[in-house]
Amino acid sequence: KHDPEVSSDGIGKPINDSPKPNLDEAKKPPDSKKVKVGSASERNVEMKGKIRLLKKKPADFDPNMVACWEKGERVPFLFLSLAFDLISNETGRIVITDIVCNMLRTVIATTPDDLVATVYLAANKVAPAHEGLELGIGDASIIKALAEACGRTESQVKSQYKDKGDLGLVAQASRSSQSMMRKPDPLTVIKVFDTFRLIAKESGKDSQEKKKNRIKSLLVAATDCEPQYLIRLLQTKLRIGFSEQTLLAALGQAAVYNEQHSKPPPNVQSPLEEAAKIVKQVFSILPVYDKIVPALLTGGVWDLPKSCGFTPGVPVGPMLAKPTKGVAEIINKFQDIDFICEYKYDGERAQIHYMENGSVEIYSRNAECNTGKFPDVVAAISRLPSPPLHQAKHTGQNFSSESFLTMPVRKKSSVKSFVLDCELVAYDRVQKKILPFQILITRARKNVVVSEIKVDVCIFAFDILYLNGQPLLHEQLKVRKERLYDSFEEEPGFFQFATALTSNDLEEIQTFLNSAVSSSCEGLIIKTLDRDATYEPSKRSLNWLKLKKDYMESIGDTLDLVPIAAFHGRGKRTGTGFSEAELEERSASLRSKVIPEPKSYYRCSEMMKPDVWFETT
DNA sequence: TTTGGCTGCCC
DNA sequence: ATTCTGC
DNA sequence: GCAGAATGGGCAGCCAAA
């Protein structure tokens, strides 16, 4: 099993020491038990010829069309790379979804055991977000590995990167110069995925060296377009116009074509669209491919919501809010609909899971596990149900002392499990004041010990997604709010409900917004109560609107100023409050006001040497 | 033991 | 987090 | 309006070099 191809120059055009690609190979009957004939490079040529077939409409596609490996054989990484390459030449989402759908069907038809790894690579992830497994590899490490693998200096690689603008292309252009006695075995999807996970798990002394060597070993074995996509996967920047949402849709559609037993429910108009929707929804509630993919293979799409439902301890995608420009717009959008306005606290989103066995997990907005970052919050939450308030007050517990453990979040005794949607906000318990976000992010982040905490936080709860074994996602916000208020007692400075107002009066809301801002909040979040008011995980729904103070006028932090001088350059433009258009307009209007010297009455530091002076306007 | 580059994650 | 873009 | 890509500020944690 050797490979005749020892030297090869590179990219693009097929490498041809093997003049006659054996196209008949594909027509061999599938029952052929013979040891496979032909070298790896012959198979690669065949694969490159056939990959285009992935673009066929899924209805006309046969999952055995493209596969040039035996059933049960590991899926070649080249297959996935070629599919990526095919996608990179497309712009339409429908075509891309078809390609991915057919790609997945091919894997299902040949080596379903590889489907999970294929899906993870396609999603460009090594594990579910809440497991906290990260590659720990960035451009700098990749450049090092690349330089070593190709026998170049880092600066050579860097300048080529600057030139081409893409490290993947750099890898593509520079074949490994490592002299090999024998070409390594072809890469497989499983091999690449497993190596990625090993890279992620490496830590401690010499870990960087080990990671680098693993990257090099992959690069050495990579052919054709494999280097490019290996590198882009390591960068977590596939940039081919394909990402998770499209993958989920394709997964759903692939499952429809793969259905052997169950049929879509009779009321379904468009099974493909419906399947895509189901998989997306299910993933937003249980973002774990290791669960979804096997369930899809054994039970099909239509039963997926049954087999993969909300699971305590696994974070649900947080519902997001759409930006709006002012109170008027809100009144307009929600006329005749009941809605609630809440303070938008300037802290960190937290989804707090309290399990029946008493354990607690805290997840960030991006589903990262933050349990180890907020042991103080865990301590508060994990207190067993405390006695009713009036009793607690007289049991000698010291509610004002330093010991946070005596400051429980009061749960009603009937509360056995829940998931809360909250904002954790830096809080000064002495001054009884909310502290800015900048203070919050100075908190230590890993393995935090309660006694060493320097920045306290107050939990501001605004929603409840699960209570006593019951998911509440499908309940209207009005119901969820009732559950929330009924299940907990506030404890100022430790656990509070987000300040809220239910009103449809413009003046009243404007006043409320002002009070939010003067209470150190960013603005308001507006949510419908009864209508379309279910919790929609991961969605930036129209039913949650944010109204940030940035958009407001006259909140007291504006100044009237006259520009007298300026510097050229391309400074940061985001966060200035000006749009590109506004900046351009301002720049244009000032250009005509340029004067050669500062007016005599201008006062300016000696250190300050502006590029241009303006006359005042 | 200290420093600084690098990475990931909050917004 | 925001902004831009193609569909 | 959605999905994807690209962008910014600023911090802690990790690791390797100084």
# chains A, B, ... in the order shown; residues from 1 in each chain; ligands from 1

$ residues_around --residues "range 526-540 of chain A" --least-positions-apart "4" --cutoff "8 Å" --atoms "only C-alpha atoms (C1' of nucleotides)" --output "ChimeraX atom specification"
/A:281,284-285,316-322,330,334,337-342,465,472-478,544-547

$ residues_around --residues "Ser364 in chain A" --least-positions-apart "2" --cutoff "6 Å" --atoms "only C-alpha atoms (C1' of nucleotides)" --output "PyMOL selection string"
chain A and resi 349-350+366-368

$ residues_around --residues "DG6 in chain C" --least-positions-apart "4" --cutoff "12 Å" --atoms "only C-alpha atoms (C1' of nucleotides)" --output "PyMOL selection string"
(chain A and resi 90-93+241) or (chain D and resi 2-5)

$ closest_residue --among "A:Leu440, A:Leu435, A:Val517, A:Leu169" --to "chain B" --atoms "only C-alpha atoms (C1' of nucleotides)"
A:Leu440

$ residues_around --residues "DC6 in chain B" --least-positions-apart "6" --cutoff "10 Å" --atoms "only C-alpha atoms (C1' of nucleotides)" --output "JSON, numbers by chain"
{"A": [136, 137, 138, 139, 140, 141], "D": [14, 15]}

$ interface_residues --of "chain C" --to "chain A" --cutoff "9 Å" --atoms "only C-alpha atoms (C1' of nucleotides)" --output "number ranges by chain"
C: 2-3, 6-7

$ residues_around --residues "DG10 in chain D" --least-positions-apart "6" --cutoff "9 Å" --atoms "only C-alpha atoms (C1' of nucleotides)" --output "list in words"
Gln438 and Ile441 of chain A; DC10 of chain B

$ write_last_selection --atoms "all heavy atoms" --output "short mmCIF file (atom, residue, chain, number, x, y, z; two decimals), in the first residue's frame"
data_model
loop_
_atom_site.label_atom_id
_atom_site.label_comp_id
_atom_site.auth_asym_id
_atom_site.auth_seq_id
_atom_site.Cartn_x
_atom_site.Cartn_y
_atom_site.Cartn_z
N GLN A 438 -17.29 47.66 33.45
CA GLN A 438 -15.83 47.62 33.49
C GLN A 438 -15.32 47.03 34.79
O GLN A 438 -14.25 46.43 34.83
CB GLN A 438 -15.26 49.04 33.31
CG GLN A 438 -15.34 49.56 31.90
CD GLN A 438 -14.65 48.65 30.90
OE1 GLN A 438 -15.31 47.96 30.14
NE2 GLN A 438 -13.33 48.63 30.92
N ILE A 441 -15.93 43.00 34.76
CA ILE A 441 -15.05 42.12 34.00
C ILE A 441 -13.66 41.99 34.61
O ILE A 441 -12.83 41.26 34.10
CB ILE A 441 -14.93 42.52 32.51
CG1 ILE A 441 -14.57 43.98 32.38
CG2 ILE A 441 -16.14 42.14 31.73
CD1 ILE A 441 -14.24 44.34 30.95
P DC B 10 -18.18 34.02 28.16
OP1 DC B 10 -18.02 33.01 29.19
OP2 DC B 10 -18.97 33.74 26.95
"O5'" DC B 10 -18.72 35.34 28.86
"C5'" DC B 10 -19.28 36.32 28.04
"C4'" DC B 10 -18.90 37.67 28.59
"O4'" DC B 10 -17.53 37.96 28.26
"C3'" DC B 10 -19.69 38.77 27.91
"O3'" DC B 10 -20.93 38.92 28.55
"C2'" DC B 10 -18.77 39.95 28.06
"C1'" DC B 10 -17.41 39.32 27.87
N1 DC B 10 -16.90 39.36 26.46
C2 DC B 10 -16.26 40.52 26.01
O2 DC B 10 -16.15 41.48 26.78
N3 DC B 10 -15.79 40.56 24.74
C4 DC B 10 -15.93 39.50 23.93
N4 DC B 10 -15.43 39.58 22.70
C5 DC B 10 -16.59 38.31 24.36
C6 DC B 10 -17.06 38.29 25.63
#

$ interface_residues --of "chain A" --to "chain D" --cutoff "8 Å" --atoms "only C-alpha atoms (C1' of nucleotides)" --output "mmCIF file with all heavy atoms, in the first residue's frame"
data_model
loop_
_atom_site.group_PDB
_atom_site.id
_atom_site.type_symbol
_atom_site.label_atom_id
_atom_site.label_comp_id
_atom_site.auth_asym_id
_atom_site.auth_seq_id
_atom_site.Cartn_x
_atom_site.Cartn_y
_atom_site.Cartn_z
ATOM 1 N N GLY A 204 -0.530 22.770 29.963
ATOM 2 C CA GLY A 204 0.632 22.660 30.836
ATOM 3 C C GLY A 204 1.952 22.824 30.099
ATOM 4 O O GLY A 204 1.984 23.309 28.970
ATOM 5 N N LYS A 205 3.006 22.408 30.764
ATOM 6 C CA LYS A 205 4.353 22.604 30.207
ATOM 7 C C LYS A 205 4.485 21.941 28.835
ATOM 8 O O LYS A 205 4.044 20.813 28.633
ATOM 9 C CB LYS A 205 5.378 22.022 31.174
ATOM 10 C CG LYS A 205 6.824 22.247 30.737
ATOM 11 C CD LYS A 205 7.776 22.115 31.913
ATOM 12 C CE LYS A 205 9.200 21.812 31.497
ATOM 13 N NZ LYS A 205 9.670 22.445 30.240
ATOM 14 N N GLN A 208 2.293 23.984 24.133
ATOM 15 C CA GLN A 208 2.295 24.706 22.856
ATOM 16 C C GLN A 208 3.076 23.921 21.803
ATOM 17 O O GLN A 208 2.664 23.812 20.649
ATOM 18 C CB GLN A 208 2.905 26.095 23.030
ATOM 19 C CG GLN A 208 2.075 27.034 23.897
ATOM 20 C CD GLN A 208 0.638 27.160 23.428
ATOM 21 O OE1 GLN A 208 0.370 27.523 22.293
ATOM 22 N NE2 GLN A 208 -0.314 26.825 24.293
ATOM 23 N N ARG A 239 -15.021 30.886 6.497
ATOM 24 C CA ARG A 239 -15.340 31.974 5.551
ATOM 25 C C ARG A 239 -15.637 31.471 4.141
ATOM 26 O O ARG A 239 -14.993 31.848 3.169
ATOM 27 C CB ARG A 239 -14.248 33.055 5.531
ATOM 28 C CG ARG A 239 -12.822 32.547 5.722
ATOM 29 C CD ARG A 239 -11.851 33.686 5.739
ATOM 30 N NE ARG A 239 -11.514 34.141 4.422
ATOM 31 C CZ ARG A 239 -10.635 35.094 4.159
ATOM 32 N NH1 ARG A 239 -10.073 35.742 5.139
ATOM 33 N NH2 ARG A 239 -10.345 35.409 2.934
ATOM 34 N N GLY A 241 -19.075 31.218 3.457
ATOM 35 C CA GLY A 241 -20.505 31.517 3.406
ATOM 36 C C GLY A 241 -21.351 30.372 3.920
ATOM 37 O O GLY A 241 -22.497 30.196 3.504
ATOM 38 N N PHE A 242 -20.758 29.599 4.799
ATOM 39 C CA PHE A 242 -21.474 28.446 5.339
ATOM 40 C C PHE A 242 -21.178 28.356 6.827
ATOM 41 O O PHE A 242 -20.033 28.411 7.250
ATOM 42 C CB PHE A 242 -21.003 27.166 4.636
ATOM 43 C CG PHE A 242 -21.308 25.907 5.377
ATOM 44 C CD1 PHE A 242 -22.600 25.439 5.470
ATOM 45 C CD2 PHE A 242 -20.303 25.191 5.996
ATOM 46 C CE1 PHE A 242 -22.879 24.275 6.171
ATOM 47 C CE2 PHE A 242 -20.574 24.021 6.688
ATOM 48 C CZ PHE A 242 -21.860 23.565 6.771
ATOM 49 N N SER A 243 -22.235 28.242 7.611
ATOM 50 C CA SER A 243 -22.019 28.119 9.043
ATOM 51 C C SER A 243 -23.156 27.328 9.673
ATOM 52 O O SER A 243 -23.906 26.655 8.991
ATOM 53 C CB SER A 243 -21.859 29.511 9.653
ATOM 54 O OG SER A 243 -21.364 29.398 10.954
ATOM 55 N N GLN A 245 -26.200 27.590 11.017
ATOM 56 C CA GLN A 245 -27.631 27.557 10.667
ATOM 57 C C GLN A 245 -27.870 26.765 9.383
ATOM 58 O O GLN A 245 -28.858 26.035 9.257
ATOM 59 C CB GLN A 245 -28.181 28.974 10.529
ATOM 60 C CG GLN A 245 -28.265 29.736 11.828
ATOM 61 C CD GLN A 245 -28.983 28.959 12.922
ATOM 62 O OE1 GLN A 245 -28.398 28.569 13.922
ATOM 63 N NE2 GLN A 245 -30.270 28.703 12.706
ATOM 64 N N ILE A 441 -15.930 43.004 34.759
ATOM 65 C CA ILE A 441 -15.055 42.117 34.003
ATOM 66 C C ILE A 441 -13.660 41.993 34.612
ATOM 67 O O ILE A 441 -12.833 41.258 34.099
ATOM 68 C CB ILE A 441 -14.926 42.524 32.512
ATOM 69 C CG1 ILE A 441 -14.570 43.979 32.377
ATOM 70 C CG2 ILE A 441 -16.138 42.143 31.733
ATOM 71 C CD1 ILE A 441 -14.243 44.345 30.949
ATOM 72 N N THR A 442 -13.406 42.707 35.710
ATOM 73 C CA THR A 442 -12.117 42.488 36.371
ATOM 74 C C THR A 442 -12.177 41.286 37.309
ATOM 75 O O THR A 442 -11.174 40.920 37.905
ATOM 76 C CB THR A 442 -11.680 43.720 37.187
ATOM 77 O OG1 THR A 442 -12.635 43.940 38.230
ATOM 78 C CG2 THR A 442 -11.573 44.945 36.304
ATOM 79 N N ARG A 443 -13.350 40.720 37.459
ATOM 80 C CA ARG A 443 -13.450 39.518 38.316
ATOM 81 C C ARG A 443 -12.606 38.384 37.757
ATOM 82 O O ARG A 443 -12.491 38.219 36.543
ATOM 83 C CB ARG A 443 -14.914 39.053 38.381
ATOM 84 C CG ARG A 443 -15.693 39.617 39.540
ATOM 85 C CD ARG A 443 -17.093 39.027 39.575
ATOM 86 N NE ARG A 443 -17.120 37.632 39.957
ATOM 87 C CZ ARG A 443 -17.759 37.159 41.023
ATOM 88 N NH1 ARG A 443 -18.392 37.981 41.824
ATOM 89 N NH2 ARG A 443 -17.770 35.873 41.272
ATOM 90 N N ALA A 444 -12.037 37.590 38.653
ATOM 91 C CA ALA A 444 -11.345 36.380 38.226
ATOM 92 C C ALA A 444 -12.349 35.473 37.529
ATOM 93 O O ALA A 444 -13.563 35.577 37.757
ATOM 94 C CB ALA A 444 -10.739 35.680 39.430
ATOM 95 N N ARG A 445 -11.844 34.601 36.655
ATOM 96 C CA ARG A 445 -12.763 33.844 35.812
ATOM 97 C C ARG A 445 -12.761 32.341 36.020
ATOM 98 O O ARG A 445 -13.659 31.645 35.567
ATOM 99 C CB ARG A 445 -12.441 34.123 34.349
ATOM 100 C CG ARG A 445 -12.754 35.571 33.999
ATOM 101 C CD ARG A 445 -12.306 35.953 32.617
ATOM 102 N NE ARG A 445 -12.344 37.399 32.504
ATOM 103 C CZ ARG A 445 -12.027 38.060 31.419
ATOM 104 N NH1 ARG A 445 -11.631 37.397 30.341
ATOM 105 N NH2 ARG A 445 -12.085 39.367 31.388
ATOM 106 N N LYS A 572 -10.557 54.348 15.399
ATOM 107 C CA LYS A 572 -11.726 53.480 15.561
ATOM 108 C C LYS A 572 -12.990 54.269 15.242
ATOM 109 O O LYS A 572 -13.095 55.440 15.572
ATOM 110 C CB LYS A 572 -11.782 52.948 16.983
ATOM 111 C CG LYS A 572 -11.886 54.028 18.009
ATOM 112 C CD LYS A 572 -12.163 53.486 19.383
ATOM 113 C CE LYS A 572 -12.166 54.660 20.353
ATOM 114 N NZ LYS A 572 -12.284 54.342 21.711
ATOM 115 N N THR A 574 -16.200 52.504 15.399
ATOM 116 C CA THR A 574 -17.337 51.966 16.138
ATOM 117 C C THR A 574 -17.303 52.543 17.528
ATOM 118 O O THR A 574 -16.264 52.863 18.065
ATOM 119 C CB THR A 574 -17.277 50.436 16.213
ATOM 120 O OG1 THR A 574 -15.993 50.060 16.703
ATOM 121 C CG2 THR A 574 -17.527 49.815 14.865
ATOM 122 N N GLY A 575 -18.476 52.639 18.123
ATOM 123 C CA GLY A 575 -18.571 53.103 19.486
ATOM 124 C C GLY A 575 -18.461 54.605 19.598
ATOM 125 O O GLY A 575 -18.526 55.156 20.678
#

$ interface_residues --of "chain B" --to "chain A" --cutoff "12 Å" --atoms "only C-alpha atoms (C1' of nucleotides)" --output "PDB file with all heavy atoms, in the first residue's frame"
ATOM      1  P    DG B   5       4.865  41.728  23.925  1.00  0.00           P
ATOM      2  OP1  DG B   5       5.858  42.542  23.204  1.00  0.00           O
ATOM      3  OP2  DG B   5       3.622  42.342  24.444  1.00  0.00           O
ATOM      4  O5'  DG B   5       4.464  40.492  23.016  1.00  0.00           O
ATOM      5  C5'  DG B   5       5.405  39.427  22.833  1.00  0.00           C
ATOM      6  C4'  DG B   5       4.641  38.142  22.603  1.00  0.00           C
ATOM      7  O4'  DG B   5       4.085  37.667  23.850  1.00  0.00           O
ATOM      8  C3'  DG B   5       3.481  38.277  21.623  1.00  0.00           C
ATOM      9  O3'  DG B   5       3.508  37.139  20.786  1.00  0.00           O
ATOM     10  C2'  DG B   5       2.245  38.296  22.535  1.00  0.00           C
ATOM     11  C1'  DG B   5       2.691  37.407  23.696  1.00  0.00           C
ATOM     12  N9   DG B   5       2.065  37.700  24.985  1.00  0.00           N
ATOM     13  C8   DG B   5       1.965  38.922  25.591  1.00  0.00           C
ATOM     14  N7   DG B   5       1.365  38.864  26.758  1.00  0.00           N
ATOM     15  C5   DG B   5       1.059  37.521  26.916  1.00  0.00           C
ATOM     16  C6   DG B   5       0.404  36.846  27.983  1.00  0.00           C
ATOM     17  O6   DG B   5      -0.049  37.325  29.038  1.00  0.00           O
ATOM     18  N1   DG B   5       0.299  35.484  27.739  1.00  0.00           N
ATOM     19  C2   DG B   5       0.762  34.848  26.622  1.00  0.00           C
ATOM     20  N2   DG B   5       0.568  33.532  26.559  1.00  0.00           N
ATOM     21  N3   DG B   5       1.378  35.459  25.617  1.00  0.00           N
ATOM     22  C4   DG B   5       1.483  36.789  25.830  1.00  0.00           C
ATOM     23  P    DC B   6       2.569  37.056  19.533  1.00  0.00           P
ATOM     24  OP1  DC B   6       3.323  36.301  18.513  1.00  0.00           O
ATOM     25  OP2  DC B   6       2.009  38.397  19.260  1.00  0.00           O
ATOM     26  O5'  DC B   6       1.382  36.145  20.061  1.00  0.00           O
ATOM     27  C5'  DC B   6       1.695  34.887  20.654  1.00  0.00           C
ATOM     28  C4'  DC B   6       0.449  34.344  21.297  1.00  0.00           C
ATOM     29  O4'  DC B   6       0.171  35.066  22.522  1.00  0.00           O
ATOM     30  C3'  DC B   6      -0.824  34.443  20.452  1.00  0.00           C
ATOM     31  O3'  DC B   6      -1.195  33.130  20.154  1.00  0.00           O
ATOM     32  C2'  DC B   6      -1.828  35.167  21.353  1.00  0.00           C
ATOM     33  C1'  DC B   6      -1.226  34.982  22.729  1.00  0.00           C
ATOM     34  N1   DC B   6      -1.556  36.002  23.765  1.00  0.00           N
ATOM     35  C2   DC B   6      -2.180  35.594  24.963  1.00  0.00           C
ATOM     36  O2   DC B   6      -2.458  34.406  25.116  1.00  0.00           O
ATOM     37  N3   DC B   6      -2.458  36.525  25.910  1.00  0.00           N
ATOM     38  C4   DC B   6      -2.136  37.807  25.705  1.00  0.00           C
ATOM     39  N4   DC B   6      -2.419  38.676  26.669  1.00  0.00           N
ATOM     40  C5   DC B   6      -1.499  38.238  24.505  1.00  0.00           C
ATOM     41  C6   DC B   6      -1.231  37.310  23.567  1.00  0.00           C
ATOM     42  P    DT B   7      -2.374  32.826  19.164  1.00  0.00           P
ATOM     43  OP1  DT B   7      -2.069  31.515  18.546  1.00  0.00           O
ATOM     44  OP2  DT B   7      -2.618  34.011  18.333  1.00  0.00           O
ATOM     45  O5'  DT B   7      -3.623  32.644  20.129  1.00  0.00           O
ATOM     46  C5'  DT B   7      -3.598  31.608  21.111  1.00  0.00           C
ATOM     47  C4'  DT B   7      -4.797  31.741  22.020  1.00  0.00           C
ATOM     48  O4'  DT B   7      -4.646  32.901  22.843  1.00  0.00           O
ATOM     49  C3'  DT B   7      -6.129  31.914  21.284  1.00  0.00           C
ATOM     50  O3'  DT B   7      -6.876  30.723  21.452  1.00  0.00           O
ATOM     51  C2'  DT B   7      -6.787  33.129  21.962  1.00  0.00           C
ATOM     52  C1'  DT B   7      -5.925  33.351  23.204  1.00  0.00           C
ATOM     53  N1   DT B   7      -5.790  34.765  23.625  1.00  0.00           N
ATOM     54  C2   DT B   7      -6.165  35.120  24.900  1.00  0.00           C
ATOM     55  O2   DT B   7      -6.623  34.326  25.706  1.00  0.00           O
ATOM     56  N3   DT B   7      -5.995  36.443  25.209  1.00  0.00           N
ATOM     57  C4   DT B   7      -5.486  37.432  24.373  1.00  0.00           C
ATOM     58  O4   DT B   7      -5.383  38.592  24.765  1.00  0.00           O
ATOM     59  C5   DT B   7      -5.107  37.002  23.060  1.00  0.00           C
ATOM     60  C7   DT B   7      -4.564  37.990  22.082  1.00  0.00           C
ATOM     61  C6   DT B   7      -5.274  35.695  22.749  1.00  0.00           C
ATOM     62  P    DG B   8      -8.319  30.600  20.818  1.00  0.00           P
ATOM     63  OP1  DG B   8      -8.561  29.163  20.609  1.00  0.00           O
ATOM     64  OP2  DG B   8      -8.459  31.559  19.703  1.00  0.00           O
ATOM     65  O5'  DG B   8      -9.255  31.086  22.008  1.00  0.00           O
ATOM     66  C5'  DG B   8      -9.098  30.460  23.269  1.00  0.00           C
ATOM     67  C4'  DG B   8     -10.040  31.095  24.265  1.00  0.00           C
ATOM     68  O4'  DG B   8      -9.597  32.432  24.586  1.00  0.00           O
ATOM     69  C3'  DG B   8     -11.488  31.229  23.780  1.00  0.00           C
ATOM     70  O3'  DG B   8     -12.316  30.861  24.864  1.00  0.00           O
ATOM     71  C2'  DG B   8     -11.617  32.711  23.431  1.00  0.00           C
ATOM     72  C1'  DG B   8     -10.672  33.346  24.446  1.00  0.00           C
ATOM     73  N9   DG B   8     -10.088  34.626  24.052  1.00  0.00           N
ATOM     74  C8   DG B   8      -9.543  34.958  22.826  1.00  0.00           C
ATOM     75  N7   DG B   8      -9.067  36.177  22.789  1.00  0.00           N
ATOM     76  C5   DG B   8      -9.322  36.680  24.062  1.00  0.00           C
ATOM     77  C6   DG B   8      -9.032  37.942  24.612  1.00  0.00           C
ATOM     78  O6   DG B   8      -8.491  38.915  24.066  1.00  0.00           O
ATOM     79  N1   DG B   8      -9.453  38.040  25.939  1.00  0.00           N
ATOM     80  C2   DG B   8     -10.069  37.030  26.629  1.00  0.00           C
ATOM     81  N2   DG B   8     -10.405  37.310  27.891  1.00  0.00           N
ATOM     82  N3   DG B   8     -10.335  35.839  26.130  1.00  0.00           N
ATOM     83  C4   DG B   8      -9.942  35.735  24.848  1.00  0.00           C
ATOM     84  P    DC B   9     -13.853  30.688  24.626  1.00  0.00           P
ATOM     85  OP1  DC B   9     -14.207  29.500  25.427  1.00  0.00           O
ATOM     86  OP2  DC B   9     -14.138  30.765  23.189  1.00  0.00           O
ATOM     87  O5'  DC B   9     -14.487  31.959  25.323  1.00  0.00           O
ATOM     88  C5'  DC B   9     -14.196  32.177  26.691  1.00  0.00           C
ATOM     89  C4'  DC B   9     -14.680  33.557  27.084  1.00  0.00           C
ATOM     90  O4'  DC B   9     -13.848  34.561  26.484  1.00  0.00           O
ATOM     91  C3'  DC B   9     -16.108  33.875  26.623  1.00  0.00           C
ATOM     92  O3'  DC B   9     -16.758  34.487  27.708  1.00  0.00           O
ATOM     93  C2'  DC B   9     -15.897  34.867  25.493  1.00  0.00           C
ATOM     94  C1'  DC B   9     -14.670  35.599  25.999  1.00  0.00           C
ATOM     95  N1   DC B   9     -13.892  36.350  24.982  1.00  0.00           N
ATOM     96  C2   DC B   9     -13.379  37.614  25.328  1.00  0.00           C
ATOM     97  O2   DC B   9     -13.575  38.057  26.456  1.00  0.00           O
ATOM     98  N3   DC B   9     -12.680  38.309  24.406  1.00  0.00           N
ATOM     99  C4   DC B   9     -12.480  37.791  23.193  1.00  0.00           C
ATOM    100  N4   DC B   9     -11.779  38.508  22.319  1.00  0.00           N
ATOM    101  C5   DC B   9     -12.986  36.506  22.820  1.00  0.00           C
ATOM    102  C6   DC B   9     -13.690  35.814  23.749  1.00  0.00           C
ATOM    103  P    DC B  10     -18.183  34.022  28.156  1.00  0.00           P
ATOM    104  OP1  DC B  10     -18.018  33.009  29.192  1.00  0.00           O
ATOM    105  OP2  DC B  10     -18.974  33.740  26.950  1.00  0.00           O
ATOM    106  O5'  DC B  10     -18.718  35.335  28.856  1.00  0.00           O
ATOM    107  C5'  DC B  10     -19.275  36.318  28.037  1.00  0.00           C
ATOM    108  C4'  DC B  10     -18.904  37.675  28.587  1.00  0.00           C
ATOM    109  O4'  DC B  10     -17.535  37.956  28.255  1.00  0.00           O
ATOM    110  C3'  DC B  10     -19.692  38.771  27.909  1.00  0.00           C
ATOM    111  O3'  DC B  10     -20.928  38.925  28.554  1.00  0.00           O
ATOM    112  C2'  DC B  10     -18.775  39.949  28.056  1.00  0.00           C
ATOM    113  C1'  DC B  10     -17.410  39.323  27.867  1.00  0.00           C
ATOM    114  N1   DC B  10     -16.896  39.363  26.463  1.00  0.00           N
ATOM    115  C2   DC B  10     -16.264  40.522  26.007  1.00  0.00           C
ATOM    116  O2   DC B  10     -16.155  41.482  26.775  1.00  0.00           O
ATOM    117  N3   DC B  10     -15.786  40.559  24.741  1.00  0.00           N
ATOM    118  C4   DC B  10     -15.931  39.501  23.934  1.00  0.00           C
ATOM    119  N4   DC B  10     -15.432  39.578  22.695  1.00  0.00           N
ATOM    120  C5   DC B  10     -16.587  38.315  24.361  1.00  0.00           C
ATOM    121  C6   DC B  10     -17.056  38.285  25.629  1.00  0.00           C
ATOM    122  P    DC B  11     -22.242  39.120  27.687  1.00  0.00           P
ATOM    123  OP1  DC B  11     -23.378  39.025  28.619  1.00  0.00           O
ATOM    124  OP2  DC B  11     -22.180  38.247  26.506  1.00  0.00           O
ATOM    125  O5'  DC B  11     -22.074  40.625  27.172  1.00  0.00           O
ATOM    126  C5'  DC B  11     -22.023  41.671  28.125  1.00  0.00           C
ATOM    127  C4'  DC B  11     -21.372  42.890  27.506  1.00  0.00           C
ATOM    128  O4'  DC B  11     -20.104  42.507  26.934  1.00  0.00           O
ATOM    129  C3'  DC B  11     -22.122  43.480  26.333  1.00  0.00           C
ATOM    130  O3'  DC B  11     -23.100  44.370  26.816  1.00  0.00           O
ATOM    131  C2'  DC B  11     -21.039  44.227  25.590  1.00  0.00           C
ATOM    132  C1'  DC B  11     -19.799  43.409  25.870  1.00  0.00           C
ATOM    133  N1   DC B  11     -19.348  42.607  24.680  1.00  0.00           N
ATOM    134  C2   DC B  11     -18.508  43.230  23.750  1.00  0.00           C
ATOM    135  O2   DC B  11     -18.171  44.403  23.947  1.00  0.00           O
ATOM    136  N3   DC B  11     -18.098  42.532  22.663  1.00  0.00           N
ATOM    137  C4   DC B  11     -18.503  41.266  22.497  1.00  0.00           C
ATOM    138  N4   DC B  11     -18.069  40.618  21.413  1.00  0.00           N
ATOM    139  C5   DC B  11     -19.366  40.618  23.431  1.00  0.00           C
ATOM    140  C6   DC B  11     -19.764  41.321  24.509  1.00  0.00           C
TER     141       DC B  11
END

$ select_by_dssp --residues "range 49-261 of chain A" --states "helix (DSSP H, G or I)" --output "PyMOL selection string"
chain A and resi 49-55+58-60+77-88+93-110+112-123+129-131+139-150+154-164+167-173+189-201+207-221+226-235+244-258
